[in-house]
Amino acid sequence: MMLRVLDYQTGREVLEILINVSKVKRRKKRGPVIIAYDNSFLEETILLSGNFKVLNLGGMAFIHLDVGFLYTLLVCTAFGSMLSNAEIKVNPPQDFEIVDPGYLGYLSLQWQPPLFLDNFKECTIEYELKYRNIDSENWKTIITKNLHYKDGFDLNKGIEAKINTLLPAQCTNGSEVRSSWAETTYWTSPQGNRETKIQDMDCVYYNWQYLVCSWKPGMGVHFDTNYQLFYWYEGLDHSAECTDYIKVNGKNMGCRFPYLESSDYKDFYICVNGSSESQPIRPSYFIFQLQNIVKPLPPDYLSLTVKNSEEINLKWNMPKGPIPAKCLIYEIEFTEDDTTWVTTTVENEIQITRTSNESQKLCFMVRSKVNIYCSDDGIWSEWSDEQCWKGDIWKETLVFFLIPFAFVSIFVLVITCLLLYKQRALLKTIFHTKKEVFSHQDTFC
């Protein structure tokens, strides 16, 4: 808000003053002045003496004072306000540190309240925490009232964090006050050369049921080197070692995990370290979200139905297992004669249109994946077996009906011929027998 300073005798404006005293423009050096301001700011009658005179005229109030005294008043007021804010200070938190409880990357950042908070007992103290892996460009920022915070970190790299104290505006005359930063770092104890770490770590959560990880040995490691895998996720009391290793030439090159209860949608921490009598082996750390590495089974029981000369219905069964139907997306590869195209759907059935009524071969395959509604990523399943249709409908009818009918007809004809042949032979035998009887009777007479 701006205050207008007027010459008392002439009524001409001589000064412009902002409420925050950030702009003062003097147009006349001497003479008494009047400060005019909105009368709504006066809660009661102001009694001034000495160099001041107050006049109430309608909606405006006028203060009569000397210009020299006005400048003195403004400078003192501004300086007093700056001095008041400068006197409010707060210390940073104490004993700031990063603690590793042995959870393979899930760390705790801890601190104690700052010193000399007696003057702010009625205030709610907050802390601004920033942290990151050392090679990361971006800081994660947290505002909290607690004295600790936990999160996951990549222990292959160092960690740095900093924290300060925040005093809210209601405790500091209207402006937030921050302390200086308290800083700390954390590194795992390095051992072994970088080349001794495992290579090509690959983990797959098969059908959202069975987790399998595999790796290759580090470069240049001694033949006696062997590896061990440890894992942890929220819900386990402590980190656990793999109990079912995949072995190659007697060495641990993978792990089949047991059933992992309540492990979905959580950070899953893995450490693979090694041992060798010849050299130290550097450990490797990994963080997964298991729902993002699910590989479903392929769909089965595919069917292809040609409804008419143009429409084709493709249908299949969703993969067996615990993955809900709403979490799957399907990719269909359809081939019409020599033309192939691919499409996707979230249903287990799709209608397509033939590009030509003369096409003689229609085939399709399907594979599945966890969709974006249930995970951030996923792994496509293997392709299903191919299902095909060949020729026109009448040819298909010929294959399935005419040939069996012809086979049955031939079978009936053969049986009939055999029966007729047997009947004829039987009649001959009967006729020959009667003839002999008659001849015998004639001779007897």
# chains A, B, ... in the order shown; residues from 1 in each chain; ligands from 1
$ residues_around --residues "Phe230 of chain A" --least-positions-apart "2" --cutoff "7 Å" --atoms "only C-alpha atoms" --output "VMD selection string"
chain A and resid 228 239 to 242 270 to 272
$ write_last_selection --atoms "all heavy atoms" --output "short mmCIF file (atom, residue, chain, number, x, y, z; two decimals), in the first residue's frame"
data_model
loop_
_atom_site.label_atom_id
_atom_site.label_comp_id
_atom_site.auth_asym_id
_atom_site.auth_seq_id
_atom_site.Cartn_x
_atom_site.Cartn_y
_atom_site.Cartn_z
N GLN A 228 28.24 -65.82 -2.91
CA GLN A 228 27.11 -66.01 -2.01
C GLN A 228 26.12 -64.86 -2.22
O GLN A 228 26.51 -63.71 -2.41
CB GLN A 228 27.53 -66.05 -0.53
CG GLN A 228 28.45 -67.20 -0.17
CD GLN A 228 29.91 -66.93 -0.54
OE1 GLN A 228 30.39 -65.79 -0.41
NE2 GLN A 228 30.58 -67.95 -1.03
N SER A 239 18.66 -59.95 7.11
CA SER A 239 18.97 -60.43 5.77
C SER A 239 19.17 -61.95 5.80
O SER A 239 19.59 -62.53 6.80
CB SER A 239 20.24 -59.75 5.23
OG SER A 239 21.35 -60.03 6.06
N ALA A 240 18.83 -62.61 4.68
CA ALA A 240 18.89 -64.07 4.59
C ALA A 240 19.75 -64.48 3.41
O ALA A 240 19.83 -63.77 2.41
CB ALA A 240 17.49 -64.65 4.45
N GLU A 241 20.37 -65.64 3.52
CA GLU A 241 21.20 -66.17 2.43
C GLU A 241 20.39 -67.14 1.59
O GLU A 241 19.48 -67.82 2.08
CB GLU A 241 22.44 -66.86 2.96
CG GLU A 241 23.37 -67.34 1.84
CD GLU A 241 24.63 -68.04 2.35
OE1 GLU A 241 24.78 -68.15 3.58
OE2 GLU A 241 25.45 -68.47 1.50
N CYS A 242 20.72 -67.20 0.31
CA CYS A 242 20.08 -68.15 -0.60
C CYS A 242 20.31 -69.58 -0.10
O CYS A 242 21.42 -69.92 0.35
CB CYS A 242 20.66 -67.99 -2.00
SG CYS A 242 20.07 -69.20 -3.20
N ILE A 270 19.32 -57.00 -2.76
CA ILE A 270 20.17 -58.18 -2.97
C ILE A 270 21.63 -57.75 -2.91
O ILE A 270 22.01 -56.70 -3.46
CB ILE A 270 19.87 -58.85 -4.32
CG1 ILE A 270 18.47 -59.48 -4.31
CG2 ILE A 270 20.92 -59.91 -4.67
CD1 ILE A 270 18.07 -60.11 -5.63
N CYS A 271 22.43 -58.57 -2.28
CA CYS A 271 23.88 -58.40 -2.29
C CYS A 271 24.52 -59.72 -2.68
O CYS A 271 24.19 -60.77 -2.10
CB CYS A 271 24.38 -57.97 -0.91
SG CYS A 271 26.20 -57.95 -0.77
N VAL A 272 25.39 -59.69 -3.68
CA VAL A 272 26.17 -60.87 -4.07
C VAL A 272 27.63 -60.56 -3.81
O VAL A 272 28.23 -59.68 -4.45
CB VAL A 272 25.96 -61.22 -5.56
CG1 VAL A 272 26.77 -62.48 -5.91
CG2 VAL A 272 24.48 -61.44 -5.85
#
$ residues_around --residues "Gly158 of chain A" --least-positions-apart "6" --cutoff "12 Å" --atoms "only C-alpha atoms" --output "VMD selection string"
chain A and resid 98 105 131 to 136 184 to 190
$ write_last_selection --atoms "all heavy atoms" --output "tab-separated table (two decimals), in the first residue's frame"
chain	number	residue	atom	x	y	z
A	98	ILE	N	24.35	-41.17	9.12
A	98	ILE	CA	23.70	-42.21	8.33
A	98	ILE	C	24.09	-43.56	8.93
A	98	ILE	O	25.27	-43.88	9.03
A	98	ILE	CB	24.12	-42.14	6.86
A	98	ILE	CG1	23.75	-40.77	6.27
A	98	ILE	CG2	23.46	-43.25	6.05
A	98	ILE	CD1	24.24	-40.56	4.85
A	105	GLY	N	21.25	-51.92	2.02
A	105	GLY	CA	20.97	-50.69	1.30
A	105	GLY	C	19.85	-49.87	1.89
A	105	GLY	O	19.66	-48.71	1.52
A	131	TYR	N	18.95	-35.64	0.41
A	131	TYR	CA	19.90	-36.75	0.30
A	131	TYR	C	19.92	-37.29	-1.13
A	131	TYR	O	18.98	-37.11	-1.90
A	131	TYR	CB	19.55	-37.87	1.29
A	131	TYR	CG	18.17	-38.46	1.11
A	131	TYR	CD1	17.96	-39.55	0.28
A	131	TYR	CD2	17.07	-37.92	1.75
A	131	TYR	CE1	16.70	-40.09	0.11
A	131	TYR	CE2	15.80	-38.44	1.60
A	131	TYR	CZ	15.63	-39.54	0.77
A	131	TYR	OH	14.37	-40.06	0.60
A	132	ARG	N	21.02	-37.98	-1.47
A	132	ARG	CA	21.17	-38.57	-2.80
A	132	ARG	C	22.39	-39.47	-2.82
A	132	ARG	O	23.27	-39.39	-1.95
A	132	ARG	CB	21.33	-37.48	-3.85
A	132	ARG	CG	22.61	-36.66	-3.70
A	132	ARG	CD	22.73	-35.58	-4.76
A	132	ARG	NE	23.95	-34.78	-4.61
A	132	ARG	CZ	24.27	-33.77	-5.41
A	132	ARG	NH1	23.47	-33.44	-6.41
A	132	ARG	NH2	25.40	-33.10	-5.21
A	133	ASN	N	22.45	-40.36	-3.84
A	133	ASN	CA	23.71	-41.02	-4.14
A	133	ASN	C	24.65	-39.99	-4.77
A	133	ASN	O	24.22	-39.09	-5.50
A	133	ASN	CB	23.51	-42.19	-5.09
A	133	ASN	CG	23.08	-43.46	-4.36
A	133	ASN	OD1	21.93	-43.87	-4.47
A	133	ASN	ND2	23.98	-44.07	-3.62
A	134	ILE	N	25.92	-40.11	-4.51
A	134	ILE	CA	26.86	-39.03	-4.82
A	134	ILE	C	26.90	-38.69	-6.31
A	134	ILE	O	27.09	-37.54	-6.68
A	134	ILE	CB	28.26	-39.39	-4.27
A	134	ILE	CG1	28.25	-39.23	-2.74
A	134	ILE	CG2	29.34	-38.53	-4.89
A	134	ILE	CD1	29.55	-39.54	-2.06
A	135	ASP	N	26.71	-39.64	-7.20
A	135	ASP	CA	26.79	-39.32	-8.62
A	135	ASP	C	25.45	-38.88	-9.21
A	135	ASP	O	25.33	-38.65	-10.40
A	135	ASP	CB	27.31	-40.53	-9.40
A	135	ASP	CG	26.35	-41.71	-9.36
A	135	ASP	OD1	25.46	-41.71	-8.48
A	135	ASP	OD2	26.48	-42.62	-10.19
A	136	SER	N	24.41	-38.75	-8.37
A	136	SER	CA	23.10	-38.34	-8.86
A	136	SER	C	23.03	-36.82	-8.97
A	136	SER	O	23.60	-36.09	-8.15
A	136	SER	CB	22.00	-38.84	-7.91
A	136	SER	OG	20.74	-38.35	-8.30
A	184	THR	N	26.58	-34.83	6.09
A	184	THR	CA	27.25	-36.09	6.39
A	184	THR	C	27.30	-36.94	5.12
A	184	THR	O	26.55	-36.70	4.16
A	184	THR	CB	26.52	-36.86	7.51
A	184	THR	OG1	27.31	-37.99	7.90
A	184	THR	CG2	25.16	-37.36	7.05
A	185	THR	N	28.18	-37.93	5.10
A	185	THR	CA	28.32	-38.86	3.97
A	185	THR	C	28.45	-40.28	4.51
A	185	THR	O	28.70	-40.50	5.70
A	185	THR	CB	29.56	-38.53	3.12
A	185	THR	OG1	30.74	-38.60	3.95
A	185	THR	CG2	29.45	-37.15	2.51
A	186	TYR	N	28.27	-41.25	3.58
A	186	TYR	CA	28.40	-42.66	3.97
A	186	TYR	C	28.93	-43.45	2.79
A	186	TYR	O	28.47	-43.30	1.65
A	186	TYR	CB	27.05	-43.23	4.42
A	186	TYR	CG	27.12	-44.69	4.81
A	186	TYR	CD1	27.58	-45.07	6.06
A	186	TYR	CD2	26.74	-45.69	3.90
A	186	TYR	CE1	27.66	-46.41	6.41
A	186	TYR	CE2	26.81	-47.02	4.24
A	186	TYR	CZ	27.27	-47.38	5.50
A	186	TYR	OH	27.35	-48.70	5.84
A	187	TRP	N	29.90	-44.31	3.06
A	187	TRP	CA	30.45	-45.24	2.07
A	187	TRP	C	30.58	-46.61	2.71
A	187	TRP	O	30.90	-46.72	3.89
A	187	TRP	CB	31.85	-44.80	1.60
A	187	TRP	CG	31.88	-43.52	0.82
A	187	TRP	CD1	31.89	-42.25	1.33
A	187	TRP	CD2	31.90	-43.39	-0.59
A	187	TRP	NE1	31.93	-41.32	0.31
A	187	TRP	CE2	31.94	-42.00	-0.88
A	187	TRP	CE3	31.91	-44.29	-1.65
A	187	TRP	CZ2	31.97	-41.52	-2.18
A	187	TRP	CZ3	31.95	-43.80	-2.94
A	187	TRP	CH2	31.98	-42.43	-3.20
A	188	THR	N	30.31	-47.67	1.93
A	188	THR	CA	30.63	-49.01	2.41
A	188	THR	C	32.15	-49.20	2.34
A	188	THR	O	32.82	-48.56	1.52
A	188	THR	CB	29.95	-50.09	1.55
A	188	THR	OG1	30.33	-49.92	0.18
A	188	THR	CG2	28.44	-49.98	1.69
A	189	SER	N	32.66	-50.05	3.16
A	189	SER	CA	34.10	-50.29	3.18
A	189	SER	C	34.52	-50.97	1.88
A	189	SER	O	34.09	-52.09	1.59
A	189	SER	CB	34.48	-51.17	4.37
A	189	SER	OG	34.11	-50.56	5.58
A	190	PRO	N	35.33	-50.31	1.04
A	190	PRO	CA	35.71	-50.91	-0.24
A	190	PRO	C	36.66	-52.08	-0.06
A	190	PRO	O	37.55	-52.06	0.79
A	190	PRO	CB	36.39	-49.75	-0.97
A	190	PRO	CG	36.92	-48.89	0.12
A	190	PRO	CD	35.96	-49.00	1.27
$ closest_residue --among "A:Thr343, A:Thr243, A:Ser275, A:Gln94" --to "Thr196 of chain A" --atoms "only C-alpha atoms"
A:Ser275
$ select_by_dssp --residues "segment 159-189 of chain A" --states "strand (DSSP E)" --output "PyMOL selection string"
chain A and resi 159-167+177-178+182-186
$ write_last_selection --atoms "N, CA, C and O atoms" --output "PDB file, in the first residue's frame"
ATOM      1  N   ILE A 159      26.943 -42.052  -0.493  1.00  0.00           N
ATOM      2  CA  ILE A 159      25.713 -41.337  -0.174  1.00  0.00           C
ATOM      3  C   ILE A 159      26.071 -40.044   0.534  1.00  0.00           C
ATOM      4  O   ILE A 159      26.981 -40.028   1.381  1.00  0.00           O
ATOM      5  N   GLU A 160      25.400 -38.965   0.192  1.00  0.00           N
ATOM      6  CA  GLU A 160      25.571 -37.700   0.882  1.00  0.00           C
ATOM      7  C   GLU A 160      24.209 -37.158   1.292  1.00  0.00           C
ATOM      8  O   GLU A 160      23.208 -37.363   0.587  1.00  0.00           O
ATOM      9  N   ALA A 161      24.180 -36.466   2.450  1.00  0.00           N
ATOM     10  CA  ALA A 161      22.931 -35.924   2.968  1.00  0.00           C
ATOM     11  C   ALA A 161      23.216 -34.643   3.729  1.00  0.00           C
ATOM     12  O   ALA A 161      24.326 -34.438   4.239  1.00  0.00           O
ATOM     13  N   LYS A 162      22.213 -33.775   3.797  1.00  0.00           N
ATOM     14  CA  LYS A 162      22.323 -32.547   4.573  1.00  0.00           C
ATOM     15  C   LYS A 162      20.958 -32.205   5.148  1.00  0.00           C
ATOM     16  O   LYS A 162      19.919 -32.590   4.594  1.00  0.00           O
ATOM     17  N   ILE A 163      20.973 -31.454   6.268  1.00  0.00           N
ATOM     18  CA  ILE A 163      19.730 -31.157   6.958  1.00  0.00           C
ATOM     19  C   ILE A 163      19.832 -29.791   7.627  1.00  0.00           C
ATOM     20  O   ILE A 163      20.929 -29.379   8.054  1.00  0.00           O
ATOM     21  N   ASN A 164      18.711 -29.055   7.702  1.00  0.00           N
ATOM     22  CA  ASN A 164      18.672 -27.817   8.468  1.00  0.00           C
ATOM     23  C   ASN A 164      17.396 -27.747   9.296  1.00  0.00           C
ATOM     24  O   ASN A 164      16.490 -28.576   9.141  1.00  0.00           O
ATOM     25  N   THR A 165      17.328 -26.759  10.198  1.00  0.00           N
ATOM     26  CA  THR A 165      16.179 -26.560  11.067  1.00  0.00           C
ATOM     27  C   THR A 165      15.302 -25.451  10.500  1.00  0.00           C
ATOM     28  O   THR A 165      15.809 -24.437  10.019  1.00  0.00           O
ATOM     29  N   LEU A 166      13.978 -25.635  10.576  1.00  0.00           N
ATOM     30  CA  LEU A 166      13.036 -24.640  10.096  1.00  0.00           C
ATOM     31  C   LEU A 166      12.187 -24.130  11.252  1.00  0.00           C
ATOM     32  O   LEU A 166      11.600 -24.928  11.994  1.00  0.00           O
ATOM     33  N   LEU A 167      12.151 -22.794  11.414  1.00  0.00           N
ATOM     34  CA  LEU A 167      11.232 -22.171  12.355  1.00  0.00           C
ATOM     35  C   LEU A 167      10.086 -21.560  11.565  1.00  0.00           C
ATOM     36  O   LEU A 167      10.309 -20.759  10.657  1.00  0.00           O
ATOM     37  N   VAL A 177      12.453 -18.865   9.377  1.00  0.00           N
ATOM     38  CA  VAL A 177      13.887 -18.797   9.678  1.00  0.00           C
ATOM     39  C   VAL A 177      14.489 -20.191   9.503  1.00  0.00           C
ATOM     40  O   VAL A 177      13.951 -21.182  10.000  1.00  0.00           O
ATOM     41  N   ARG A 178      15.617 -20.262   8.806  1.00  0.00           N
ATOM     42  CA  ARG A 178      16.324 -21.525   8.560  1.00  0.00           C
ATOM     43  C   ARG A 178      17.703 -21.460   9.182  1.00  0.00           C
ATOM     44  O   ARG A 178      18.351 -20.423   9.171  1.00  0.00           O
ATOM     45  N   ALA A 182      23.657 -28.952   8.221  1.00  0.00           N
ATOM     46  CA  ALA A 182      24.527 -29.981   8.790  1.00  0.00           C
ATOM     47  C   ALA A 182      24.663 -31.085   7.739  1.00  0.00           C
ATOM     48  O   ALA A 182      23.653 -31.508   7.161  1.00  0.00           O
ATOM     49  N   GLU A 183      25.881 -31.539   7.463  1.00  0.00           N
ATOM     50  CA  GLU A 183      26.107 -32.464   6.360  1.00  0.00           C
ATOM     51  C   GLU A 183      26.808 -33.724   6.838  1.00  0.00           C
ATOM     52  O   GLU A 183      27.536 -33.719   7.834  1.00  0.00           O
ATOM     53  N   THR A 184      26.578 -34.833   6.090  1.00  0.00           N
ATOM     54  CA  THR A 184      27.250 -36.091   6.388  1.00  0.00           C
ATOM     55  C   THR A 184      27.300 -36.940   5.121  1.00  0.00           C
ATOM     56  O   THR A 184      26.551 -36.699   4.165  1.00  0.00           O
ATOM     57  N   THR A 185      28.185 -37.931   5.099  1.00  0.00           N
ATOM     58  CA  THR A 185      28.319 -38.861   3.971  1.00  0.00           C
ATOM     59  C   THR A 185      28.446 -40.284   4.508  1.00  0.00           C
ATOM     60  O   THR A 185      28.699 -40.502   5.695  1.00  0.00           O
ATOM     61  N   TYR A 186      28.269 -41.247   3.584  1.00  0.00           N
ATOM     62  CA  TYR A 186      28.402 -42.658   3.973  1.00  0.00           C
ATOM     63  C   TYR A 186      28.927 -43.455   2.791  1.00  0.00           C
ATOM     64  O   TYR A 186      28.466 -43.299   1.654  1.00  0.00           O
TER      65      TYR A 186
END
$ select_by_dssp --residues "segment 270-340 of chain A" --states "helix (DSSP H, G or I)" --output "PDB file with N, CA, C and O atoms, in the first residue's frame"
ATOM      1  N   LEU A 290       9.697 -56.423  -7.236  1.00  0.00           N
ATOM      2  CA  LEU A 290       9.443 -57.725  -7.843  1.00  0.00           C
ATOM      3  C   LEU A 290       8.314 -57.691  -8.870  1.00  0.00           C
ATOM      4  O   LEU A 290       8.373 -58.423  -9.876  1.00  0.00           O
ATOM      5  N   GLN A 291       7.293 -56.866  -8.659  1.00  0.00           N
ATOM      6  CA  GLN A 291       6.201 -56.816  -9.628  1.00  0.00           C
ATOM      7  C   GLN A 291       6.654 -56.267 -10.979  1.00  0.00           C
ATOM      8  O   GLN A 291       5.962 -56.442 -11.987  1.00  0.00           O
ATOM      9  N   ASN A 292       7.834 -55.634 -11.024  1.00  0.00           N
ATOM     10  CA  ASN A 292       8.347 -55.070 -12.281  1.00  0.00           C
ATOM     11  C   ASN A 292       9.208 -56.045 -13.064  1.00  0.00           C
ATOM     12  O   ASN A 292       9.668 -55.703 -14.169  1.00  0.00           O
ATOM     13  N   ILE A 293       9.460 -57.236 -12.514  1.00  0.00           N
ATOM     14  CA  ILE A 293      10.275 -58.227 -13.228  1.00  0.00           C
ATOM     15  C   ILE A 293       9.507 -59.540 -13.394  1.00  0.00           C
ATOM     16  O   ILE A 293      10.096 -60.613 -13.527  1.00  0.00           O
ATOM     17  N   ALA A 325      -6.605 -61.343 -13.916  1.00  0.00           N
ATOM     18  CA  ALA A 325      -6.886 -61.040 -15.319  1.00  0.00           C
ATOM     19  C   ALA A 325      -6.734 -59.553 -15.613  1.00  0.00           C
ATOM     20  O   ALA A 325      -6.279 -59.165 -16.695  1.00  0.00           O
ATOM     21  N   LYS A 326      -7.093 -58.693 -14.648  1.00  0.00           N
ATOM     22  CA  LYS A 326      -7.013 -57.243 -14.860  1.00  0.00           C
ATOM     23  C   LYS A 326      -5.570 -56.745 -14.960  1.00  0.00           C
ATOM     24  O   LYS A 326      -5.338 -55.599 -15.355  1.00  0.00           O
ATOM     25  N   CYS A 327      -4.600 -57.581 -14.594  1.00  0.00           N
ATOM     26  CA  CYS A 327      -3.192 -57.165 -14.612  1.00  0.00           C
ATOM     27  C   CYS A 327      -2.458 -57.577 -15.882  1.00  0.00           C
ATOM     28  O   CYS A 327      -1.251 -57.349 -15.979  1.00  0.00           O
TER      29      CYS A 327
END
$ atom_distance --atom1 "atom CA of Pro113 of chain A" --atom2 "atom CA of Leu129 of chain A"
13.4 Å
$ closest_residue --among "A:Val221, A:Ala406, A:Val346, A:Val412" --to "Pro280 of chain A" --atoms "only C-alpha atoms"
A:Val221
$ closest_residue --among "A:Asp300, A:Asp377, A:Asp200, A:Glu336" --to "Asn348 of chain A" --atoms "only C-alpha atoms"
A:Asp300
$ atom_distance --atom1 "atom CA of Ser309 of chain A" --atom2 "atom CA of Thr355 of chain A"
10.2 Å
$ residues_around --residues "Lys216 of chain A" --least-positions-apart "5" --cutoff "7 Å" --atoms "only C-alpha atoms" --output "list in words"
Ile198, Gln199, Asp200 and Met253 of chain A
$ closest_residue --among "A:Trp215, A:Phe364, A:Phe96, A:Phe120" --to "His148 of chain A" --atoms "only C-alpha atoms"
A:Phe96
$ closest_residue --among "A:Gly102, A:Asn193, A:Phe407, A:Val212" --to "Leu236 of chain A" --atoms "only C-alpha atoms"
A:Gly102
$ closest_residue --among "A:His238, A:Lys390, A:Lys121, A:Lys295" --to "Cys171 of chain A" --atoms "only C-alpha atoms"
A:Lys121
$ residues_around --residues "Phe268 of chain A" --least-positions-apart "4" --cutoff "6 Å" --atoms "only C-alpha atoms" --output "list in words"
Tyr233, Ile287, Phe288 and Gln289 of chain A
$ write_last_selection --atoms "N, CA and C atoms" --output "mmCIF file, in the first residue's frame"
data_model
loop_
_atom_site.group_PDB
_atom_site.id
_atom_site.type_symbol
_atom_site.label_atom_id
_atom_site.label_comp_id
_atom_site.auth_asym_id
_atom_site.auth_seq_id
_atom_site.Cartn_x
_atom_site.Cartn_y
_atom_site.Cartn_z
ATOM 1 N N TYR A 233 13.960 -57.747 2.448
ATOM 2 C CA TYR A 233 12.880 -56.808 2.131
ATOM 3 C C TYR A 233 12.099 -56.548 3.410
ATOM 4 N N ILE A 287 18.721 -53.367 -6.226
ATOM 5 C CA ILE A 287 17.399 -53.093 -5.670
ATOM 6 C C ILE A 287 16.375 -53.355 -6.763
ATOM 7 N N PHE A 288 15.399 -54.226 -6.470
ATOM 8 C CA PHE A 288 14.334 -54.548 -7.414
ATOM 9 C C PHE A 288 12.975 -54.265 -6.779
ATOM 10 N N GLN A 289 11.984 -54.046 -7.644
ATOM 11 C CA GLN A 289 10.575 -54.148 -7.268
ATOM 12 C C GLN A 289 10.065 -55.392 -7.988
#
$ atom_distance --atom1 "atom CA of Asn146 of chain A" --atom2 "atom CA of Gln110 of chain A"
9.2 Å
